[in-house]
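File shown: target_14.txt. Contents: compact mmCIF, C-alpha atoms.
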```txt
# COMPACT_ATOMS: atom_id res chain seq x y z
CA MET A 1 -104.77 -71.84 -56.88
CA VAL A 2 -105.87 -68.81 -58.95
CA ILE A 3 -102.31 -67.50 -59.14
CA TRP A 4 -101.02 -70.90 -60.18
CA ALA A 5 -103.77 -71.21 -62.81
CA ALA A 6 -102.62 -67.85 -64.22
CA VAL A 7 -99.05 -69.16 -64.32
CA GLY A 8 -100.36 -72.26 -66.11
CA LEU A 9 -102.13 -70.05 -68.64
CA VAL A 10 -98.87 -68.21 -69.38
CA LEU A 11 -96.82 -71.43 -69.62
CA GLY A 12 -99.46 -73.18 -71.75
CA SER A 13 -99.59 -70.16 -74.07
CA VAL A 14 -95.80 -70.19 -74.40
CA ALA A 15 -95.90 -73.91 -75.26
CA ALA A 16 -98.68 -73.40 -77.82
CA LEU A 17 -96.89 -70.44 -79.45
CA ALA A 18 -93.61 -72.36 -79.56
CA ASP A 19 -95.40 -75.27 -81.24
CA ILE A 20 -96.75 -72.89 -83.90
CA ALA A 21 -93.38 -71.14 -84.38
CA ALA A 22 -91.34 -74.33 -84.53
CA PRO A 23 -93.60 -77.33 -85.30
CA ALA A 24 -90.61 -79.66 -85.69
CA VAL A 25 -89.60 -79.17 -82.05
CA SER A 26 -91.73 -80.85 -79.39
CA VAL A 27 -92.09 -78.42 -76.48
CA ARG A 28 -93.53 -81.23 -74.34
CA ALA A 29 -90.47 -83.39 -74.94
CA LEU A 30 -88.07 -80.51 -74.29
CA ALA A 31 -89.91 -79.61 -71.08
CA CYS A 32 -89.74 -83.25 -69.93
CA LEU A 33 -86.01 -83.41 -70.66
CA ALA A 34 -85.43 -80.07 -68.89
CA ALA A 35 -87.42 -81.37 -65.89
CA ALA A 36 -85.31 -84.56 -65.91
CA ALA A 37 -82.05 -82.57 -66.02
CA TYR A 38 -83.22 -80.24 -63.24
CA GLY A 39 -84.43 -83.14 -61.09
CA LEU A 40 -81.21 -85.10 -61.50
CA CYS A 41 -78.96 -82.08 -60.76
CA TYR A 42 -80.83 -80.76 -57.74
CA GLY A 43 -81.83 -84.22 -56.50
CA LEU A 44 -78.17 -85.24 -56.28
CA LEU A 45 -77.24 -81.85 -54.78
CA GLU A 46 -79.88 -82.17 -52.07
CA LEU A 47 -78.83 -85.73 -51.27
CA SER A 48 -75.16 -84.77 -51.13
CA GLY A 49 -75.98 -82.04 -48.60
CA ARG A 50 -74.29 -79.29 -50.64
CA ALA A 51 -75.81 -75.85 -50.36
CA TRP A 52 -74.48 -74.50 -53.66
CA PRO A 53 -75.89 -73.75 -56.16
CA PRO A 54 -79.03 -72.77 -54.24
CA PRO A 55 -82.39 -73.71 -55.76
CA PRO A 56 -83.83 -71.03 -58.04
CA GLY A 57 -86.20 -68.64 -56.33
CA ARG A 58 -86.43 -65.56 -54.19
CA ARG A 59 -84.83 -64.94 -50.81
CA TRP A 60 -87.55 -62.65 -49.52
CA GLN A 61 -89.60 -63.52 -46.42
CA VAL A 62 -92.82 -61.87 -45.30
CA PRO A 63 -91.94 -59.33 -42.57
CA GLN A 64 -93.52 -60.23 -39.22
CA GLU A 65 -95.22 -56.88 -38.88
CA LEU A 66 -97.26 -57.64 -41.99
CA VAL A 67 -98.82 -60.68 -40.32
CA ILE A 68 -98.77 -59.92 -36.59
CA ALA A 69 -101.27 -57.40 -35.21
CA THR A 70 -103.15 -56.96 -38.47
CA GLY A 71 -106.75 -57.52 -39.36
CA ASP A 72 -108.16 -60.87 -40.47
CA ARG A 73 -108.84 -59.65 -44.00
CA ARG A 74 -105.26 -58.47 -44.51
CA ARG A 75 -103.88 -61.68 -43.03
CA VAL A 76 -106.04 -63.80 -45.34
CA LEU A 77 -104.88 -61.71 -48.28
CA ILE A 78 -101.21 -62.21 -47.35
CA TRP A 79 -101.66 -65.95 -46.89
CA GLY A 80 -103.70 -66.34 -50.04
CA ALA A 81 -101.59 -64.19 -52.32
CA ILE A 82 -98.05 -64.56 -50.97
CA LEU A 83 -97.50 -67.54 -48.69
CA GLY A 84 -99.96 -70.07 -50.15
CA PRO A 85 -98.82 -69.96 -53.81
CA GLY A 86 -95.17 -69.90 -52.75
CA TRP A 87 -93.76 -67.78 -55.59
CA LEU A 88 -92.62 -64.72 -53.68
CA THR A 89 -91.05 -66.13 -50.56
CA ARG A 90 -87.90 -68.11 -49.82
CA ASN A 91 -88.14 -71.85 -50.43
CA PRO A 92 -85.02 -73.85 -49.52
CA TYR A 93 -86.22 -77.01 -51.27
CA ALA A 94 -85.53 -77.42 -54.99
CA GLY A 95 -88.75 -79.35 -55.64
CA PHE A 96 -90.68 -76.10 -56.10
CA GLY A 97 -88.59 -75.10 -59.14
CA LEU A 98 -89.50 -78.31 -60.93
CA LEU A 99 -93.22 -77.56 -60.88
CA PRO A 100 -93.31 -74.90 -63.67
CA LEU A 101 -91.33 -77.24 -65.94
CA LEU A 102 -93.88 -80.00 -65.31
CA CYS A 103 -96.70 -77.54 -66.15
CA LEU A 104 -94.91 -76.74 -69.41
CA SER A 105 -94.73 -80.45 -70.21
CA ALA A 106 -98.53 -80.44 -70.55
CA GLY A 107 -97.88 -79.01 -74.01
CA ASP A 108 -101.22 -77.22 -74.37
CA ILE A 109 -103.05 -74.38 -72.66
CA ALA A 110 -105.93 -76.34 -71.09
CA GLY A 111 -103.65 -79.06 -69.70
CA ALA A 112 -101.21 -76.54 -68.29
CA VAL A 113 -103.97 -74.49 -66.60
CA VAL A 114 -105.62 -77.56 -65.03
CA LEU A 115 -102.31 -79.01 -63.83
CA ALA A 116 -101.12 -75.63 -62.48
CA ALA A 117 -104.41 -75.14 -60.61
CA LEU A 118 -104.08 -78.61 -59.04
CA ILE A 119 -100.46 -77.88 -58.12
CA GLY A 120 -101.51 -74.58 -56.52
CA ALA A 121 -104.28 -76.29 -54.54
CA ALA A 122 -101.91 -79.04 -53.37
CA HIS A 123 -99.19 -76.56 -52.39
CA GLY A 124 -101.64 -74.34 -50.49
CA CYS A 125 -103.21 -77.36 -48.73
CA GLY A 126 -99.74 -78.61 -47.76
CA ARG A 127 -98.91 -75.27 -46.19
CA ALA A 128 -102.27 -75.10 -44.41
CA LEU A 129 -101.84 -78.63 -42.99
CA ALA A 130 -98.36 -77.74 -41.71
CA LEU A 131 -99.80 -74.63 -40.06
CA LEU A 132 -102.58 -76.62 -38.38
CA ARG A 133 -100.01 -79.14 -37.14
CA ASP A 134 -97.83 -76.34 -35.75
CA ALA A 135 -100.80 -74.69 -34.05
CA ARG A 136 -101.53 -77.88 -32.08
CA SER A 137 -97.97 -78.57 -30.90
CA ALA A 138 -95.35 -76.60 -29.00
CA PRO A 139 -92.84 -74.69 -31.18
CA SER A 140 -89.76 -76.75 -32.07
CA GLU A 141 -86.29 -75.96 -30.79
CA PRO A 142 -84.14 -74.20 -33.43
CA PHE A 143 -81.72 -77.14 -33.65
CA ALA A 144 -84.58 -79.65 -34.01
CA LEU A 145 -86.03 -77.47 -36.76
CA LEU A 146 -82.68 -77.44 -38.55
CA LEU A 147 -82.36 -81.22 -38.27
CA MET A 148 -85.89 -81.65 -39.59
CA SER A 149 -85.06 -79.35 -42.48
CA VAL A 150 -82.09 -81.56 -43.40
CA ARG A 151 -84.36 -84.63 -43.39
CA TRP A 152 -86.93 -82.88 -45.57
CA ARG A 153 -84.14 -81.87 -47.95
CA THR A 154 -83.18 -85.54 -48.29
CA THR A 155 -86.81 -86.50 -48.92
CA ASP A 156 -87.09 -83.71 -51.50
CA GLY A 157 -83.92 -85.01 -53.19
CA PHE A 158 -85.36 -88.54 -53.54
CA ALA A 159 -88.65 -87.13 -54.85
CA LEU A 160 -86.76 -85.05 -57.41
CA LEU A 161 -84.84 -88.10 -58.63
CA LEU A 162 -88.05 -90.15 -58.91
CA VAL A 163 -89.78 -87.43 -60.94
CA ALA A 164 -86.62 -86.94 -63.04
CA GLY A 165 -86.63 -90.63 -63.99
CA THR A 166 -90.31 -90.47 -64.95
CA ALA A 167 -89.82 -87.25 -66.94
CA LEU A 168 -86.85 -88.80 -68.74
CA ALA A 169 -88.93 -91.83 -69.74
CA VAL A 170 -91.88 -89.69 -70.91
CA GLY A 171 -89.60 -87.25 -72.79
CA GLY A 172 -87.67 -90.12 -74.35
CA HIS A 173 -90.93 -91.69 -75.49
CA LEU A 174 -92.07 -88.41 -77.07
CA LEU A 175 -88.75 -88.19 -78.94
CA ARG A 176 -89.10 -91.87 -79.89
CA TRP A 177 -85.98 -92.88 -77.97
CA LEU A 178 -87.97 -95.56 -76.11
CA MET B 1 -83.69 -99.37 -40.36
CA ILE B 2 -81.43 -98.50 -43.32
CA ALA B 3 -78.93 -95.74 -42.49
CA LEU B 4 -79.49 -93.28 -45.32
CA ASP B 5 -76.86 -90.95 -43.86
CA ARG B 6 -74.08 -93.23 -45.09
CA GLY B 7 -72.71 -92.17 -48.49
CA PRO B 8 -72.76 -95.51 -50.38
CA VAL B 9 -76.24 -96.39 -49.08
CA ARG B 10 -77.49 -92.99 -50.14
CA LEU B 11 -75.94 -93.41 -53.59
CA VAL B 12 -77.66 -96.77 -54.07
CA ALA B 13 -80.94 -95.28 -52.83
CA ALA B 14 -80.56 -92.37 -55.27
CA ALA B 15 -79.92 -94.74 -58.19
CA THR B 16 -82.94 -96.80 -57.11
CA ALA B 17 -85.12 -93.67 -57.08
CA VAL B 18 -84.07 -92.75 -60.64
CA LEU B 19 -84.60 -96.32 -61.88
CA ALA B 20 -87.99 -96.49 -60.15
CA GLY B 21 -88.93 -93.22 -61.87
CA LEU B 22 -87.80 -94.58 -65.23
CA ALA B 23 -89.85 -97.75 -64.65
CA VAL B 24 -92.93 -95.75 -63.69
CA GLY B 25 -92.48 -93.52 -66.76
CA TRP B 26 -91.88 -96.50 -69.03
CA LEU B 27 -95.07 -98.16 -67.79
CA ALA B 28 -96.97 -94.86 -68.02
CA VAL B 29 -96.14 -94.18 -71.68
CA GLY B 30 -97.90 -97.43 -72.49
CA TRP B 31 -101.21 -95.80 -71.61
CA PRO B 32 -102.72 -94.76 -74.93
CA ALA B 33 -104.65 -91.74 -73.64
CA ASP B 34 -101.94 -89.24 -72.75
CA GLY B 35 -98.54 -90.76 -73.40
CA GLY B 36 -97.48 -90.73 -69.77
CA PHE B 37 -98.43 -87.15 -68.95
CA GLY B 38 -101.08 -88.25 -66.44
CA VAL B 39 -98.54 -89.99 -64.22
CA LEU B 40 -96.19 -87.01 -64.48
CA ALA B 41 -99.09 -84.73 -63.49
CA VAL B 42 -99.94 -86.89 -60.45
CA LEU B 43 -96.28 -86.79 -59.36
CA ALA B 44 -96.25 -83.01 -59.84
CA VAL B 45 -99.31 -82.57 -57.59
CA LEU B 46 -97.79 -84.85 -54.90
CA LEU B 47 -94.49 -82.95 -55.12
CA ALA B 48 -96.33 -79.64 -54.75
CA GLY B 49 -98.23 -80.84 -51.69
CA GLY B 50 -95.07 -82.17 -50.09
CA ASN B 51 -93.17 -78.98 -50.87
CA GLY B 52 -95.88 -76.85 -49.27
CA TYR B 53 -95.81 -79.02 -46.15
CA GLU B 54 -92.02 -79.23 -45.83
CA LYS B 55 -91.65 -75.47 -46.33
CA ALA B 56 -92.92 -75.07 -42.77
CA TYR B 57 -89.65 -76.68 -41.67
CA SER B 58 -87.40 -74.16 -43.39
CA PRO B 59 -85.33 -72.39 -40.74
```

Just give me the structure of the file as structure tokens.
Amino acid sequence: MVIWAAVGLVLGSVAALADIAAPAVSVRALACLAAAAYGLCYGLLELSGRAWPPPPGRRWQVPQELVIATGDRRRVLIWGAILGPGWLTRNPYAGFGLLPLLCLSAGDIAGAVVLAALIGAAHGCGRALALLRDARSAPSEPFALLLMSVRWRTTDGFALLLVAGTALAVGGHLLRWL
Amino acid sequence: MIALDRGPVRLVAAATAVLAGLAVGWLAVGWPADGGFGVLAVLAVLLAGGNGYEKAYSP
């Protein structure tokens, strides 16, 4: 949440500076249109089942030795700083890449910080809930995990298209198209 | 249950998702307070929560 709030501060500052530098251009509208384009492209890609181009992001995963057989404090630090916010590790779903664009669409610093903090809290809670679910059940077979991943990719694709439609309508309204 | 694995069904479902998003956005911009940003923010938070949860299923 703190890391996401810091990201929101940076994005909100960029939007505010861009508004000062080029008052004729609406950063909010451009961010909405960029979010719509991203959502449409990756939503259709995820629904088509194609793996290329991969969603933007890193390929790095936390090495097991950093989590296994370490102290509680270090484990909490790793979960809080690396796995919870989701910026540094591999994420195969394109929905994550849409979130910074939606923060930028706030158009001002306060809005971007609040939205980014809420996004960070939601992302971290989602991860924690998945962990709690996994802790209560037996580990899935690799093939079942793969199949589940394909289903989540489809769900992510539909969510991206839904958000893309909304962003297009909001961006179009800001540009007085609607 | 609708078979979303079939190409044409999936295409129709994708078009429906975009149109539903447009409808939600079109209704949202009617709110005088924030010009539709509130609805976009709610969707962003839901997307973030879902992404965090589904990431556990990445092989």

| message | Quick one: residues within 8 Å of range 164-172 of chain A, only C-alpha atoms, excluding same-chain residues fewer than 5 positions away - as a PyMOL selection string? | response | (chain A and resi 28-33+35-40+177-178) or (chain B and resi 17-26+28-29+35-37+40)

For the selection you just gave me, I'd like the residues written to a file as an mmCIF file, in the coordinates of the input, keeping C-alpha atoms.
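To be explicit, this is the file written out as again.cif:
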```cif
data_model
loop_
_atom_site.group_PDB
_atom_site.id
_atom_site.type_symbol
_atom_site.label_atom_id
_atom_site.label_comp_id
_atom_site.auth_asym_id
_atom_site.auth_seq_id
_atom_site.Cartn_x
_atom_site.Cartn_y
_atom_site.Cartn_z
ATOM 1 C CA ARG A 28 -93.530 -81.230 -74.340
ATOM 2 C CA ALA A 29 -90.470 -83.390 -74.940
ATOM 3 C CA LEU A 30 -88.070 -80.510 -74.290
ATOM 4 C CA ALA A 31 -89.910 -79.610 -71.080
ATOM 5 C CA CYS A 32 -89.740 -83.250 -69.930
ATOM 6 C CA LEU A 33 -86.010 -83.410 -70.660
ATOM 7 C CA ALA A 35 -87.420 -81.370 -65.890
ATOM 8 C CA ALA A 36 -85.310 -84.560 -65.910
ATOM 9 C CA ALA A 37 -82.050 -82.570 -66.020
ATOM 10 C CA TYR A 38 -83.220 -80.240 -63.240
ATOM 11 C CA GLY A 39 -84.430 -83.140 -61.090
ATOM 12 C CA LEU A 40 -81.210 -85.100 -61.500
ATOM 13 C CA TRP A 177 -85.980 -92.880 -77.970
ATOM 14 C CA LEU A 178 -87.970 -95.560 -76.110
ATOM 15 C CA ALA B 17 -85.120 -93.670 -57.080
ATOM 16 C CA VAL B 18 -84.070 -92.750 -60.640
ATOM 17 C CA LEU B 19 -84.600 -96.320 -61.880
ATOM 18 C CA ALA B 20 -87.990 -96.490 -60.150
ATOM 19 C CA GLY B 21 -88.930 -93.220 -61.870
ATOM 20 C CA LEU B 22 -87.800 -94.580 -65.230
ATOM 21 C CA ALA B 23 -89.850 -97.750 -64.650
ATOM 22 C CA VAL B 24 -92.930 -95.750 -63.690
ATOM 23 C CA GLY B 25 -92.480 -93.520 -66.760
ATOM 24 C CA TRP B 26 -91.880 -96.500 -69.030
ATOM 25 C CA ALA B 28 -96.970 -94.860 -68.020
ATOM 26 C CA VAL B 29 -96.140 -94.180 -71.680
ATOM 27 C CA GLY B 35 -98.540 -90.760 -73.400
ATOM 28 C CA GLY B 36 -97.480 -90.730 -69.770
ATOM 29 C CA PHE B 37 -98.430 -87.150 -68.950
ATOM 30 C CA LEU B 40 -96.190 -87.010 -64.480
#
```

*Separation of CA of Lys55 in chain B from CA of Glu141 in chain A, in Å and rounded to one decimal*: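 Distance reported for this atom pair: 16.4 Å.
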
**Request:** Please identify every residue of chain A that has at least one atom no more than 8 Å from any atom of chain B, counting only C-alpha atoms, and report them as an MDAnalysis selection string.
**Result:** chainID A and resid 44 47 84 86 91:93 95:96 99 102 105:106 115 118:120 122:131 142 145:146 148:149 152 156 158:159 161:170 173:174

> So what do you get for CA of Ala116 in chain A versus CA of Ile3 in chain A, distance-wise?
Replying inline: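 Pair CA of Ala116 in chain A / CA of Ile3 in chain A returns 8.9 Å.
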
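CA of Ser13 in chain A lies 22.3 Å from CA of Gly57 in chain A.
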
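All polymer residues at most 6 Å from (-88.8, -84.4, -82.2), using all atoms listed in the file, appear as Val25, Ser26 and Leu175 of chain A.
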
Include C-alpha atoms and write out the residues we just selected as a PDB file, keeping the file's coordinate frame.
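Writing the result to again_0.pdb gives the following:
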```
ATOM      1  CA  VAL A  25     -89.600 -79.170 -82.050  1.00  0.00           C
ATOM      2  CA  SER A  26     -91.730 -80.850 -79.390  1.00  0.00           C
ATOM      3  CA  LEU A 175     -88.750 -88.190 -78.940  1.00  0.00           C
TER       4      LEU A 175
END
```

Excluding Leu11 in chain A and its own-chain neighbours fewer than 2 positions away, which residues fall within 12 Å of it when counting all atoms listed in the file? Please give them as a PyMOL selection string.
chain A and resi 4-9+13-18+27-28+31+99-116

Include C-alpha atoms and write out the residues we just selected as a CSV table (one decimal), in the coordinates of the input.
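The result, written out as again_24.csv:
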```csv
chain,number,residue,atom,x,y,z
A,4,TRP,CA,-101.0,-70.9,-60.2
A,5,ALA,CA,-103.8,-71.2,-62.8
A,6,ALA,CA,-102.6,-67.8,-64.2
A,7,VAL,CA,-99.0,-69.2,-64.3
A,8,GLY,CA,-100.4,-72.3,-66.1
A,9,LEU,CA,-102.1,-70.0,-68.6
A,13,SER,CA,-99.6,-70.2,-74.1
A,14,VAL,CA,-95.8,-70.2,-74.4
A,15,ALA,CA,-95.9,-73.9,-75.3
A,16,ALA,CA,-98.7,-73.4,-77.8
A,17,LEU,CA,-96.9,-70.4,-79.4
A,18,ALA,CA,-93.6,-72.4,-79.6
A,27,VAL,CA,-92.1,-78.4,-76.5
A,28,ARG,CA,-93.5,-81.2,-74.3
A,31,ALA,CA,-89.9,-79.6,-71.1
A,99,LEU,CA,-93.2,-77.6,-60.9
A,100,PRO,CA,-93.3,-74.9,-63.7
A,101,LEU,CA,-91.3,-77.2,-65.9
A,102,LEU,CA,-93.9,-80.0,-65.3
A,103,CYS,CA,-96.7,-77.5,-66.2
A,104,LEU,CA,-94.9,-76.7,-69.4
A,105,SER,CA,-94.7,-80.4,-70.2
A,106,ALA,CA,-98.5,-80.4,-70.6
A,107,GLY,CA,-97.9,-79.0,-74.0
A,108,ASP,CA,-101.2,-77.2,-74.4
A,109,ILE,CA,-103.0,-74.4,-72.7
A,110,ALA,CA,-105.9,-76.3,-71.1
A,111,GLY,CA,-103.6,-79.1,-69.7
A,112,ALA,CA,-101.2,-76.5,-68.3
A,113,VAL,CA,-104.0,-74.5,-66.6
A,114,VAL,CA,-105.6,-77.6,-65.0
A,115,LEU,CA,-102.3,-79.0,-63.8
A,116,ALA,CA,-101.1,-75.6,-62.5
```

Would you mind completing range 13-39 of chain B to N, CA and C atoms and writing the output as a compact mmCIF listing (two decimals), in the coordinates of the input?
```txt
# COMPACT_ATOMS: atom_id res chain seq x y z
N ALA B 13 -79.54 -95.71 -52.95
CA ALA B 13 -80.94 -95.28 -52.83
C ALA B 13 -81.28 -94.26 -53.92
N ALA B 14 -80.32 -93.37 -54.22
CA ALA B 14 -80.56 -92.37 -55.27
C ALA B 14 -80.71 -93.06 -56.63
N ALA B 15 -79.83 -94.02 -56.92
CA ALA B 15 -79.92 -94.74 -58.19
C ALA B 15 -81.25 -95.50 -58.27
N THR B 16 -81.67 -96.07 -57.15
CA THR B 16 -82.94 -96.80 -57.11
C THR B 16 -84.12 -95.86 -57.40
N ALA B 17 -84.04 -94.64 -56.85
CA ALA B 17 -85.12 -93.67 -57.08
C ALA B 17 -85.22 -93.32 -58.57
N VAL B 18 -84.05 -93.09 -59.20
CA VAL B 18 -84.07 -92.75 -60.64
C VAL B 18 -84.61 -93.93 -61.45
N LEU B 19 -84.14 -95.14 -61.14
CA LEU B 19 -84.60 -96.32 -61.88
C LEU B 19 -86.09 -96.57 -61.66
N ALA B 20 -86.56 -96.33 -60.43
CA ALA B 20 -87.99 -96.49 -60.15
C ALA B 20 -88.79 -95.47 -60.97
N GLY B 21 -88.26 -94.24 -61.06
CA GLY B 21 -88.93 -93.22 -61.87
C GLY B 21 -88.98 -93.61 -63.33
N LEU B 22 -87.85 -94.13 -63.84
CA LEU B 22 -87.80 -94.58 -65.23
C LEU B 22 -88.81 -95.70 -65.47
N ALA B 23 -88.90 -96.63 -64.51
CA ALA B 23 -89.85 -97.75 -64.65
C ALA B 23 -91.28 -97.25 -64.66
N VAL B 24 -91.57 -96.32 -63.75
CA VAL B 24 -92.93 -95.75 -63.69
C VAL B 24 -93.24 -95.04 -65.02
N GLY B 25 -92.28 -94.24 -65.50
CA GLY B 25 -92.48 -93.52 -66.76
C GLY B 25 -92.65 -94.47 -67.92
N TRP B 26 -91.83 -95.53 -67.94
CA TRP B 26 -91.88 -96.50 -69.03
C TRP B 26 -93.24 -97.21 -69.06
N LEU B 27 -93.74 -97.54 -67.86
CA LEU B 27 -95.07 -98.16 -67.79
C LEU B 27 -96.15 -97.15 -68.19
N ALA B 28 -95.94 -95.88 -67.78
CA ALA B 28 -96.97 -94.86 -68.02
C ALA B 28 -97.12 -94.54 -69.51
N VAL B 29 -96.02 -94.54 -70.26
CA VAL B 29 -96.14 -94.18 -71.68
C VAL B 29 -96.90 -95.24 -72.46
N GLY B 30 -97.10 -96.39 -71.84
CA GLY B 30 -97.90 -97.43 -72.49
C GLY B 30 -99.38 -97.11 -72.50
N TRP B 31 -99.79 -96.17 -71.62
CA TRP B 31 -101.21 -95.80 -71.61
C TRP B 31 -101.51 -94.99 -72.87
N PRO B 32 -102.50 -95.43 -73.64
CA PRO B 32 -102.72 -94.76 -74.93
C PRO B 32 -103.26 -93.34 -74.82
N ALA B 33 -103.93 -93.02 -73.70
CA ALA B 33 -104.65 -91.74 -73.64
C ALA B 33 -103.74 -90.52 -73.69
N ASP B 34 -102.70 -90.49 -72.88
CA ASP B 34 -101.94 -89.24 -72.75
C ASP B 34 -100.44 -89.40 -72.87
N GLY B 35 -99.97 -90.56 -73.21
CA GLY B 35 -98.54 -90.76 -73.40
C GLY B 35 -97.70 -90.54 -72.16
N GLY B 36 -98.25 -90.82 -71.01
CA GLY B 36 -97.48 -90.73 -69.77
C GLY B 36 -97.63 -89.43 -69.03
N PHE B 37 -98.32 -88.45 -69.61
CA PHE B 37 -98.43 -87.15 -68.95
C PHE B 37 -99.24 -87.25 -67.66
N GLY B 38 -100.23 -88.12 -67.63
CA GLY B 38 -101.08 -88.25 -66.44
C GLY B 38 -100.28 -88.62 -65.20
N VAL B 39 -99.36 -89.57 -65.36
CA VAL B 39 -98.54 -89.99 -64.22
C VAL B 39 -97.61 -88.85 -63.80
```
